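Peer 1: Provided herewith: final.tsv, TSV, C-alpha atoms.
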```tsv
chain	number	residue	atom	x	y	z
A	1	MET	CA	-7.58	47.59	-5.00
A	2	ILE	CA	-8.91	45.15	-2.40
A	3	THR	CA	-11.26	43.57	-4.96
A	4	THR	CA	-8.33	43.04	-7.33
A	5	LEU	CA	-6.39	41.43	-4.50
A	6	PHE	CA	-9.27	39.06	-3.70
A	7	VAL	CA	-9.80	38.12	-7.34
A	8	LEU	CA	-6.06	37.42	-7.69
A	9	HIS	CA	-6.16	35.40	-4.44
A	10	GLY	CA	-9.01	33.31	-5.87
A	11	LEU	CA	-7.35	32.79	-9.26
A	12	VAL	CA	-4.03	31.66	-7.78
A	13	ALA	CA	-5.97	29.38	-5.41
A	14	ILE	CA	-7.70	27.73	-8.39
A	15	ALA	CA	-4.33	27.07	-10.05
A	16	LEU	CA	-3.09	25.58	-6.76
A	17	LEU	CA	-6.20	23.38	-6.51
A	18	GLY	CA	-5.55	21.99	-9.98
A	19	ALA	CA	-1.89	21.25	-9.32
A	20	VAL	CA	-2.37	19.67	-5.92
A	21	SER	CA	-5.39	17.60	-7.07
A	22	HIS	CA	-3.39	16.25	-10.06
A	23	GLN	CA	-0.52	15.25	-7.78
A	24	ALA	CA	-2.75	13.66	-5.13
A	25	THR	CA	-4.82	11.61	-7.58
A	26	SER	CA	-1.75	10.45	-9.50
A	27	VAL	CA	-0.22	8.93	-6.36
A	28	TRP	CA	-3.41	7.71	-4.60
A	29	PHE	CA	-5.21	6.47	-7.73
A	30	PRO	CA	-2.50	5.78	-10.35
A	31	ALA	CA	-3.54	5.60	-13.99
A	32	ARG	CA	-4.52	2.23	-15.51
A	33	LYS	CA	-2.83	1.07	-18.70
A	34	GLY	CA	-4.96	1.12	-21.83
A	35	ASP	CA	-7.65	3.38	-20.36
A	36	HIS	CA	-7.96	6.56	-22.43
A	37	SER	CA	-10.79	8.18	-20.47
A	38	PHE	CA	-10.65	11.77	-19.18
A	39	VAL	CA	-10.40	10.59	-15.55
A	40	ASN	CA	-7.53	8.27	-16.36
A	41	ARG	CA	-5.68	11.04	-18.20
A	42	PHE	CA	-6.19	13.27	-15.17
A	43	ARG	CA	-4.60	10.59	-12.98
A	44	ALA	CA	-1.76	9.95	-15.44
A	45	ALA	CA	0.02	13.21	-14.59
A	46	LYS	CA	3.68	12.93	-13.55
A	47	ALA	CA	3.35	13.75	-9.85
A	48	GLY	CA	6.90	15.01	-9.29
A	49	VAL	CA	6.74	17.88	-11.79
A	50	TYR	CA	4.07	19.71	-9.75
A	51	THR	CA	6.11	20.07	-6.55
A	52	ASN	CA	7.80	23.44	-7.13
A	53	ALA	CA	4.63	24.90	-8.67
A	54	ILE	CA	2.59	23.78	-5.65
A	55	VAL	CA	5.06	25.35	-3.22
A	56	ALA	CA	5.15	28.64	-5.16
A	57	LEU	CA	1.36	28.78	-5.68
A	58	PHE	CA	0.66	27.94	-2.03
A	59	VAL	CA	2.98	30.70	-0.78
A	60	ALA	CA	1.53	33.20	-3.29
A	61	THR	CA	-2.08	32.34	-2.32
A	62	PHE	CA	-1.22	32.51	1.36
A	63	VAL	CA	0.54	35.89	1.10
A	64	LEU	CA	-2.31	37.40	-0.95
A	65	GLY	CA	-4.82	36.10	1.61
A	66	ALA	CA	-2.76	37.43	4.52
A	67	VAL	CA	-2.52	40.88	2.90
A	68	ALA	CA	-6.30	40.97	2.33
A	69	TYR	CA	-7.02	39.71	5.85
A	70	PRO	CA	-7.42	43.12	7.63
A	71	SER	CA	-10.10	44.18	5.15
A	72	TYR	CA	-11.92	40.88	5.67
A	73	ARG	CA	-11.71	41.32	9.47
A	74	ILE	CA	-13.42	44.71	9.37
A	75	ASN	CA	-15.97	44.15	6.62
A	76	ALA	CA	-16.99	40.50	6.75
A	77	HIS	CA	-15.87	38.83	9.98
A	78	ILE	CA	-17.68	41.30	12.24
A	79	HIS	CA	-20.85	40.64	10.24
A	80	PHE	CA	-20.37	36.87	10.75
A	81	GLU	CA	-19.74	37.28	14.49
A	82	SER	CA	-23.02	39.11	14.98
A	83	GLY	CA	-25.33	36.88	12.94
A	84	TRP	CA	-23.46	33.92	11.44
A	85	PRO	CA	-21.44	32.24	14.22
A	86	LEU	CA	-20.93	29.08	12.17
A	87	ALA	CA	-19.45	31.11	9.31
A	88	ALA	CA	-17.09	32.88	11.73
A	89	GLU	CA	-15.97	29.50	13.12
A	90	ALA	CA	-15.54	28.10	9.62
A	91	PHE	CA	-13.17	30.94	8.81
A	92	GLU	CA	-11.18	30.28	12.01
A	93	LEU	CA	-10.87	26.67	10.85
A	94	LYS	CA	-9.66	27.88	7.45
A	95	GLU	CA	-7.00	30.26	8.79
A	96	HIS	CA	-5.59	27.79	11.32
A	97	SER	CA	-5.58	24.77	9.01
A	98	LEU	CA	-3.88	26.81	6.27
A	99	ALA	CA	-1.26	28.01	8.76
A	100	VAL	CA	-0.58	24.36	9.63
A	101	ALA	CA	-0.34	23.57	5.90
A	102	LEU	CA	2.14	26.44	5.49
A	103	GLY	CA	4.21	24.85	8.24
A	104	LEU	CA	4.07	21.47	6.48
A	105	LEU	CA	5.31	22.97	3.22
A	106	PRO	CA	9.10	22.62	3.92
A	107	ALA	CA	8.59	18.93	4.80
A	108	TYR	CA	6.47	18.47	1.67
A	109	TRP	CA	9.20	20.13	-0.43
A	110	TYR	CA	11.88	17.92	1.14
A	111	TYR	CA	10.07	14.60	0.58
A	112	TRP	CA	8.77	15.50	-2.88
A	113	ARG	CA	12.17	16.36	-4.36
A	114	ALA	CA	13.60	13.92	-6.89
A	115	PRO	CA	15.14	11.36	-6.66
A	116	PHE	CA	12.31	9.79	-4.66
A	117	LYS	CA	13.35	7.33	-1.99
A	118	PRO	CA	10.98	4.33	-1.86
A	119	GLU	CA	11.04	4.33	1.97
A	120	HIS	CA	9.39	7.77	1.88
A	121	ASP	CA	6.50	6.72	-0.38
A	122	TRP	CA	3.89	6.80	2.38
A	123	THR	CA	5.19	10.07	3.81
A	124	ARG	CA	4.87	11.64	0.35
A	125	LYS	CA	1.39	10.24	-0.15
A	126	TRP	CA	0.09	11.44	3.21
A	127	LEU	CA	1.71	14.86	2.90
A	128	VAL	CA	0.11	15.54	-0.47
A	129	LEU	CA	-3.25	14.19	0.74
A	130	THR	CA	-3.16	16.45	3.83
A	131	LEU	CA	-2.20	19.44	1.70
A	132	THR	CA	-4.96	18.68	-0.82
A	133	ALA	CA	-7.61	18.32	1.89
A	134	ILE	CA	-6.60	21.61	3.54
A	135	VAL	CA	-6.40	23.50	0.24
A	136	TRP	CA	-9.83	22.22	-0.87
A	137	ALA	CA	-11.38	23.00	2.53
A	138	GLY	CA	-9.84	26.48	2.51
A	139	PHE	CA	-11.08	27.17	-1.01
A	140	LEU	CA	-14.64	25.99	-0.34
A	141	ILE	CA	-14.92	27.84	2.98
A	142	GLY	CA	-13.53	31.04	1.45
A	143	HIS	CA	-15.86	30.79	-1.53
A	144	VAL	CA	-18.99	30.15	0.55
A	145	LEU	CA	-18.16	32.92	3.04
A	146	ASN	CA	-17.55	35.36	0.20
A	147	ASN	CA	-21.01	34.51	-1.13
A	148	ILE	CA	-22.57	35.19	2.29
A	149	GLN	CA	-20.79	38.51	2.82
A	150	GLY	CA	-18.32	39.95	0.35
A	151	VAL	CA	-15.44	42.19	1.35
B	1	MET	CA	17.45	27.08	-2.83
B	2	SER	CA	17.78	23.42	-3.85
B	3	ARG	CA	20.38	22.93	-1.09
B	4	ILE	CA	17.86	24.11	1.50
B	5	ALA	CA	15.14	21.87	0.06
B	6	SER	CA	17.38	18.80	0.23
B	7	SER	CA	18.47	19.51	3.81
B	8	PRO	CA	16.95	17.40	6.61
B	9	ILE	CA	16.29	20.67	8.45
B	10	CYS	CA	13.09	21.07	6.35
B	11	PRO	CA	10.98	18.35	8.03
B	12	ILE	CA	12.29	19.41	11.45
B	13	PHE	CA	11.32	23.03	10.70
B	14	SER	CA	7.83	21.82	9.77
B	15	VAL	CA	7.33	19.96	13.03
B	16	VAL	CA	8.61	22.89	15.12
B	17	PHE	CA	6.53	25.42	13.13
B	18	VAL	CA	3.28	23.47	13.56
B	19	LEU	CA	3.89	22.80	17.27
B	20	ALA	CA	4.84	26.43	17.95
B	21	TYR	CA	1.78	27.67	16.05
B	22	LEU	CA	-0.56	25.42	18.04
B	23	ILE	CA	1.11	26.41	21.33
B	24	SER	CA	0.89	30.15	20.58
B	25	LEU	CA	-2.76	29.67	19.64
B	26	GLU	CA	-3.56	27.64	22.76
B	27	PHE	CA	-1.78	30.08	25.08
B	28	HIS	CA	-3.15	33.22	23.42
B	29	PRO	CA	-2.81	36.02	24.58
B	30	ARG	CA	0.15	35.02	26.80
B	31	PHE	CA	2.43	34.18	23.82
B	32	THR	CA	1.10	36.86	21.47
B	33	ILE	CA	4.00	39.09	20.42
B	34	PHE	CA	2.08	41.74	18.51
B	35	ALA	CA	-1.33	42.60	17.16
B	36	TYR	CA	-2.70	44.82	14.41
B	37	ALA	CA	-5.88	46.86	14.74
B	38	PRO	CA	-7.20	47.24	11.17
B	39	ARG	CA	-9.80	49.86	12.10
B	40	LEU	CA	-7.14	52.09	13.71
B	41	GLY	CA	-4.32	51.06	11.37
B	42	THR	CA	-2.07	50.66	14.44
B	43	TRP	CA	0.32	47.96	15.62
B	44	PHE	CA	0.47	46.92	19.29
B	45	LEU	CA	2.91	44.90	21.34
B	46	GLY	CA	1.05	41.99	22.98
B	47	ALA	CA	-2.69	41.51	22.63
B	48	PRO	CA	-4.57	44.73	23.49
B	49	ASN	CA	-8.20	44.98	24.59
B	50	LEU	CA	-9.51	47.59	22.17
B	51	GLY	CA	-13.22	47.50	22.99
B	52	ALA	CA	-15.23	49.31	20.34
B	53	ASP	CA	-12.08	50.15	18.34
B	54	GLY	CA	-11.42	46.43	17.84
B	55	PRO	CA	-10.92	43.85	16.57
B	56	ALA	CA	-7.20	43.29	17.17
B	57	MET	CA	-5.71	40.80	14.72
B	58	CYS	CA	-3.28	38.34	16.28
B	59	TRP	CA	-3.01	35.81	13.45
B	60	TRP	CA	0.15	37.37	11.98
B	61	SER	CA	1.67	37.12	15.44
B	62	PHE	CA	0.91	33.38	15.65
B	63	LEU	CA	2.61	32.92	12.28
B	64	ALA	CA	5.61	35.04	13.30
B	65	THR	CA	5.99	33.10	16.57
B	66	ALA	CA	5.90	29.79	14.71
B	67	PHE	CA	8.37	31.03	12.07
B	68	ILE	CA	10.85	32.38	14.65
B	69	ALA	CA	10.57	29.18	16.71
B	70	GLY	CA	11.25	27.15	13.56
B	71	LEU	CA	14.28	29.27	12.65
B	72	VAL	CA	15.77	29.06	16.16
B	73	ILE	CA	14.88	25.55	17.32
B	74	SER	CA	15.22	23.44	14.15
B	75	PRO	CA	19.01	24.08	13.66
B	76	LEU	CA	19.50	23.14	17.33
B	77	VAL	CA	17.52	19.92	16.90
B	78	LEU	CA	19.57	19.11	13.79
B	79	LEU	CA	22.81	19.71	15.71
B	80	VAL	CA	21.70	17.46	18.58
B	81	ARG	CA	20.64	14.80	16.07
B	82	LYS	CA	24.02	15.00	14.31
B	83	PHE	CA	25.85	14.82	17.65
B	84	LEU	CA	23.84	11.75	18.76
B	85	PHE	CA	24.40	10.06	15.39
B	86	LEU	CA	28.15	10.76	15.58
B	87	HIS	CA	28.24	9.55	19.19
B	88	GLU	CA	26.45	6.34	18.17
B	89	ARG	CA	28.93	5.74	15.33
B	90	VAL	CA	31.92	6.28	17.65
B	91	GLU	CA	30.43	3.88	20.21
B	92	THR	CA	29.75	1.27	17.51
B	93	ALA	CA	33.33	1.57	16.20
B	94	ARG	CA	34.71	1.27	19.75
B	95	PHE	CA	32.55	-1.81	20.40
B	96	ALA	CA	33.69	-3.40	17.09
B	97	ARG	CA	37.37	-2.74	17.96
B	98	SER	CA	37.10	-4.23	21.46
B	99	HIS	CA	35.46	-7.44	20.15
```
What would you get if you wrote out this structure as structure tokens?
Peer 2:
Amino acid sequence: MITTLFVLHGLVAIALLGAVSHQATSVWFPARKGDHSFVNRFRAAKAGVYTNAIVALFVATFVLGAVAYPSYRINAHIHFESGWPLAAEAFELKEHSLAVALGLLPAYWYYWRAPFKPEHDWTRKWLVLTLTAIVWAGFLIGHVLNNIQGV
Amino acid sequence: MSRIASSPICPIFSVVFVLAYLISLEFHPRFTIFAYAPRLGTWFLGAPNLGADGPAMCWWSFLATAFIAGLVISPLVLLVRKFLFLHERVETARFARSH
């Protein structure tokens, strides 16, 4: 049961990574005209269409992680505290930064809803960049810690 | 749902949520409402010292504190903001009429 939950948590997180990375690159590094490369196609995504998916995927990933958290606390975190202090601290960083990102989600949803006001361009750009950085950090930390000590 | 998303309460909620989360974390265990002991499968009010039966998980409590603070404080902030905006408009209209 708990393994299924963790696998699901990881899969939804990967979908979230894809969506948020598409949106961030399309606003920070917009596509160039006439360039048909893979990278340019990646950047050419319509940023606005990802908003609702990002909100839903973030909440789903967060809830799945929060439900699996007690099992992690007993099986992995105690192991980290005794021999891997840096890993334990990395997880603390992950849980707190993701909680902050959860808090930012209503603001992100508000500013990323069409029609986009030009005066909110920078707010939108920084919100999606912050969210992307936190989601990537959370994914990498979670992945590495799971390799050190699985649940 | 779309009405909530287009309401200016959303960014205010975000600010209050993040501040309340950081405050509850900084002032842990003073602001910790509840904790869960996964080894015992028991909930506690406040942050208990469980010793060998630990750990006690307080993270859900930080989230709950932030969420409740957001739900309570952000409508109040929005009301104050609306009142100030209305007050400013009345004052501007009064100033325009007198000149």
Peer 1: Sort by chain and increasing residue number a table of all residues of chain B within 10 Å of chain A, each with its closest pair of atoms and their distance in Å to one decimal, counting only C-alpha atoms, and write it as a Markdown table.
Peer 2:
```
| residue | atom | partner | partner_atom | distance |
| --- | --- | --- | --- | --- |
| B:Ser2 | CA | A:Arg113 | CA | 9.0 |
| B:Ile4 | CA | A:Tyr110 | CA | 8.6 |
| B:Ala5 | CA | A:Tyr110 | CA | 5.2 |
| B:Ser6 | CA | A:Tyr110 | CA | 5.6 |
| B:Ser7 | CA | A:Tyr110 | CA | 7.3 |
| B:Pro8 | CA | A:Tyr110 | CA | 7.5 |
| B:Ile9 | CA | A:Ala107 | CA | 8.7 |
| B:Cys10 | CA | A:Pro106 | CA | 4.9 |
| B:Pro11 | CA | A:Ala107 | CA | 4.1 |
| B:Ile12 | CA | A:Ala107 | CA | 7.6 |
| B:Phe13 | CA | A:Pro106 | CA | 7.1 |
| B:Ser14 | CA | A:Gly103 | CA | 5.0 |
| B:Val15 | CA | A:Leu104 | CA | 7.5 |
| B:Val16 | CA | A:Gly103 | CA | 8.4 |
| B:Phe17 | CA | A:Gly103 | CA | 5.4 |
| B:Val18 | CA | A:Gly103 | CA | 5.6 |
| B:Leu19 | CA | A:Val100 | CA | 9.0 |
| B:Ala20 | CA | A:Gly103 | CA | 9.9 |
| B:Tyr21 | CA | A:Val100 | CA | 7.6 |
| B:Leu22 | CA | A:Val100 | CA | 8.5 |
| B:Leu25 | CA | A:His96 | CA | 9.0 |
| B:Tyr36 | CA | A:Pro70 | CA | 8.4 |
| B:Ala37 | CA | A:Pro70 | CA | 8.2 |
| B:Pro38 | CA | A:Pro70 | CA | 5.4 |
| B:Arg39 | CA | A:Ile74 | CA | 6.9 |
| B:Gly41 | CA | A:Pro70 | CA | 9.3 |
| B:Gly54 | CA | A:Ile74 | CA | 8.9 |
| B:Pro55 | CA | A:Arg73 | CA | 7.6 |
| B:Ala56 | CA | A:Arg73 | CA | 9.1 |
| B:Met57 | CA | A:Pro70 | CA | 7.7 |
| B:Trp59 | CA | A:Glu95 | CA | 8.3 |
| B:Trp60 | CA | A:Ala66 | CA | 8.0 |
| B:Phe62 | CA | A:Ala99 | CA | 9.0 |
| B:Leu63 | CA | A:Ala99 | CA | 7.2 |
| B:Ala66 | CA | A:Gly103 | CA | 8.3 |
| B:Phe67 | CA | A:Gly103 | CA | 8.4 |
| B:Gly70 | CA | A:Gly103 | CA | 9.1 |
```
Peer 1: Skip B:Thr65 itself and residues of its chain fewer than 4 positions away, then list as a list in words all residues within 8 Å of it, counting only C-alpha atoms.
Peer 2: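 The neighbour list is Ala20, Tyr21, Ser24, Thr32, Ile33, Ser61 and Ala69 of chain B.
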Peer 1: Could you save those same residues with C-alpha atoms as an mmCIF file, keeping the file's coordinate frame?
Peer 2:
```cif
data_model
loop_
_atom_site.group_PDB
_atom_site.id
_atom_site.type_symbol
_atom_site.label_atom_id
_atom_site.label_comp_id
_atom_site.auth_asym_id
_atom_site.auth_seq_id
_atom_site.Cartn_x
_atom_site.Cartn_y
_atom_site.Cartn_z
ATOM 1 C CA ALA B 20 4.840 26.430 17.950
ATOM 2 C CA TYR B 21 1.780 27.670 16.050
ATOM 3 C CA SER B 24 0.890 30.150 20.580
ATOM 4 C CA THR B 32 1.100 36.860 21.470
ATOM 5 C CA ILE B 33 4.000 39.090 20.420
ATOM 6 C CA SER B 61 1.670 37.120 15.440
ATOM 7 C CA ALA B 69 10.570 29.180 16.710
#
```
Peer 1: Using Å and a single decimal, report how far atom CA of A:Ala137 sits from atom CA of A:Val12.
Peer 2: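 Taking atom CA of A:Val12 as the start and atom CA of A:Ala137 as the end point, the length is 15.3 Å.
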Peer 1: Taking into account all atoms listed in the file, which residue in the set A:Phe38, A:Ser21, A:Phe6, A:Ala47 is nearest to A:Arg124?
Peer 2: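 The shortest atom-to-atom distance to A:Arg124 comes from A:Ala47.
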Peer 1: Quick one: distance from atom CA of A:Gly83 to atom CA of A:Asn147 in Å, one decimal?
Peer 2: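 Separation between atom CA of A:Gly83 and atom CA of A:Asn147: 14.9 Å.
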Peer 1: What gap, in Å, lies between atom CA of A:Pro118 and atom CA of A:Asn40?
Peer 2: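 So the answer is 23.8 Å.
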Peer 1: Which residue gives the smallest distance to A:Ala24 among A:Phe62, A:Trp126, A:Phe80, A:Phe91, with all atoms listed in the file counted?
Peer 2: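 Closest residue, counting all atoms listed in the file: A:Trp126.
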Peer 1: Stretch 123-142 of chain A, all listed atoms, 5 Å padding on each side: what axis-aligned box centre and edge lengths in Å to one decimal come out, as AutoDock Vina command-line options?
Peer 2:
```
--center_x -4.9 --center_y 20.6 --center_z 1.4 --size_x 30.1 --size_y 31.0 --size_z 14.8
```
Peer 1: Since the input lacks atoms, please generate N, CA, C and O atoms for stretch 44-58 of chain B and provide them as a JSON list (two decimals), in the frame of the given file.
Peer 2:
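After the write, selection_20.json holds the following:
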```json
[["chain", "number", "residue", "atom", "x", "y", "z"],
["B", 44, "PHE", "N", 0.31, 46.95, 17.83],
["B", 44, "PHE", "CA", 0.47, 46.92, 19.29],
["B", 44, "PHE", "C", 1.40, 45.77, 19.67],
["B", 44, "PHE", "O", 1.40, 44.73, 19.01],
["B", 45, "LEU", "N", 2.14, 46.01, 20.76],
["B", 45, "LEU", "CA", 2.91, 44.90, 21.34],
["B", 45, "LEU", "C", 1.97, 44.13, 22.24],
["B", 45, "LEU", "O", 1.21, 44.74, 23.00],
["B", 46, "GLY", "N", 1.98, 42.79, 22.19],
["B", 46, "GLY", "CA", 1.05, 41.99, 22.98],
["B", 46, "GLY", "C", -0.33, 42.01, 22.36],
["B", 46, "GLY", "O", -0.51, 42.43, 21.21],
["B", 47, "ALA", "N", -1.31, 41.55, 23.14],
["B", 47, "ALA", "CA", -2.69, 41.51, 22.63],
["B", 47, "ALA", "C", -3.53, 42.54, 23.39],
["B", 47, "ALA", "O", -3.88, 42.32, 24.54],
["B", 48, "PRO", "N", -3.83, 43.68, 22.78],
["B", 48, "PRO", "CA", -4.57, 44.73, 23.49],
["B", 48, "PRO", "C", -6.07, 44.46, 23.53],
["B", 48, "PRO", "O", -6.60, 43.73, 22.69],
["B", 49, "ASN", "N", -6.74, 45.05, 24.53],
["B", 49, "ASN", "CA", -8.20, 44.98, 24.59],
["B", 49, "ASN", "C", -8.72, 46.31, 24.05],
["B", 49, "ASN", "O", -8.67, 47.33, 24.74],
["B", 50, "LEU", "N", -9.19, 46.32, 22.83],
["B", 50, "LEU", "CA", -9.51, 47.59, 22.17],
["B", 50, "LEU", "C", -10.96, 48.02, 22.32],
["B", 50, "LEU", "O", -11.31, 49.13, 21.94],
["B", 51, "GLY", "N", -11.80, 47.15, 22.84],
["B", 51, "GLY", "CA", -13.22, 47.50, 22.99],
["B", 51, "GLY", "C", -13.87, 47.80, 21.66],
["B", 51, "GLY", "O", -13.75, 47.01, 20.71],
["B", 52, "ALA", "N", -14.50, 48.96, 21.56],
["B", 52, "ALA", "CA", -15.23, 49.31, 20.34],
["B", 52, "ALA", "C", -14.31, 49.60, 19.16],
["B", 52, "ALA", "O", -14.74, 49.57, 18.00],
["B", 53, "ASP", "N", -13.03, 49.89, 19.43],
["B", 53, "ASP", "CA", -12.08, 50.15, 18.34],
["B", 53, "ASP", "C", -11.52, 48.87, 17.72],
["B", 53, "ASP", "O", -10.74, 48.92, 16.78],
["B", 54, "GLY", "N", -11.92, 47.72, 18.31],
["B", 54, "GLY", "CA", -11.42, 46.43, 17.84],
["B", 54, "GLY", "C", -11.99, 46.08, 16.48],
["B", 54, "GLY", "O", -12.70, 46.89, 15.89],
["B", 55, "PRO", "N", -11.69, 44.93, 15.95],
["B", 55, "PRO", "CA", -10.92, 43.85, 16.57],
["B", 55, "PRO", "C", -9.40, 44.06, 16.44],
["B", 55, "PRO", "O", -8.97, 44.85, 15.60],
["B", 56, "ALA", "N", -8.67, 43.33, 17.31],
["B", 56, "ALA", "CA", -7.20, 43.29, 17.17],
["B", 56, "ALA", "C", -6.86, 41.96, 16.51],
["B", 56, "ALA", "O", -7.32, 40.92, 16.95],
["B", 57, "MET", "N", -6.09, 42.03, 15.43],
["B", 57, "MET", "CA", -5.71, 40.80, 14.72],
["B", 57, "MET", "C", -4.43, 40.23, 15.27],
["B", 57, "MET", "O", -3.41, 40.91, 15.33],
["B", 58, "CYS", "N", -4.48, 38.96, 15.71],
["B", 58, "CYS", "CA", -3.28, 38.34, 16.28],
["B", 58, "CYS", "C", -2.73, 37.22, 15.40],
["B", 58, "CYS", "O", -1.71, 36.63, 15.72]]
```
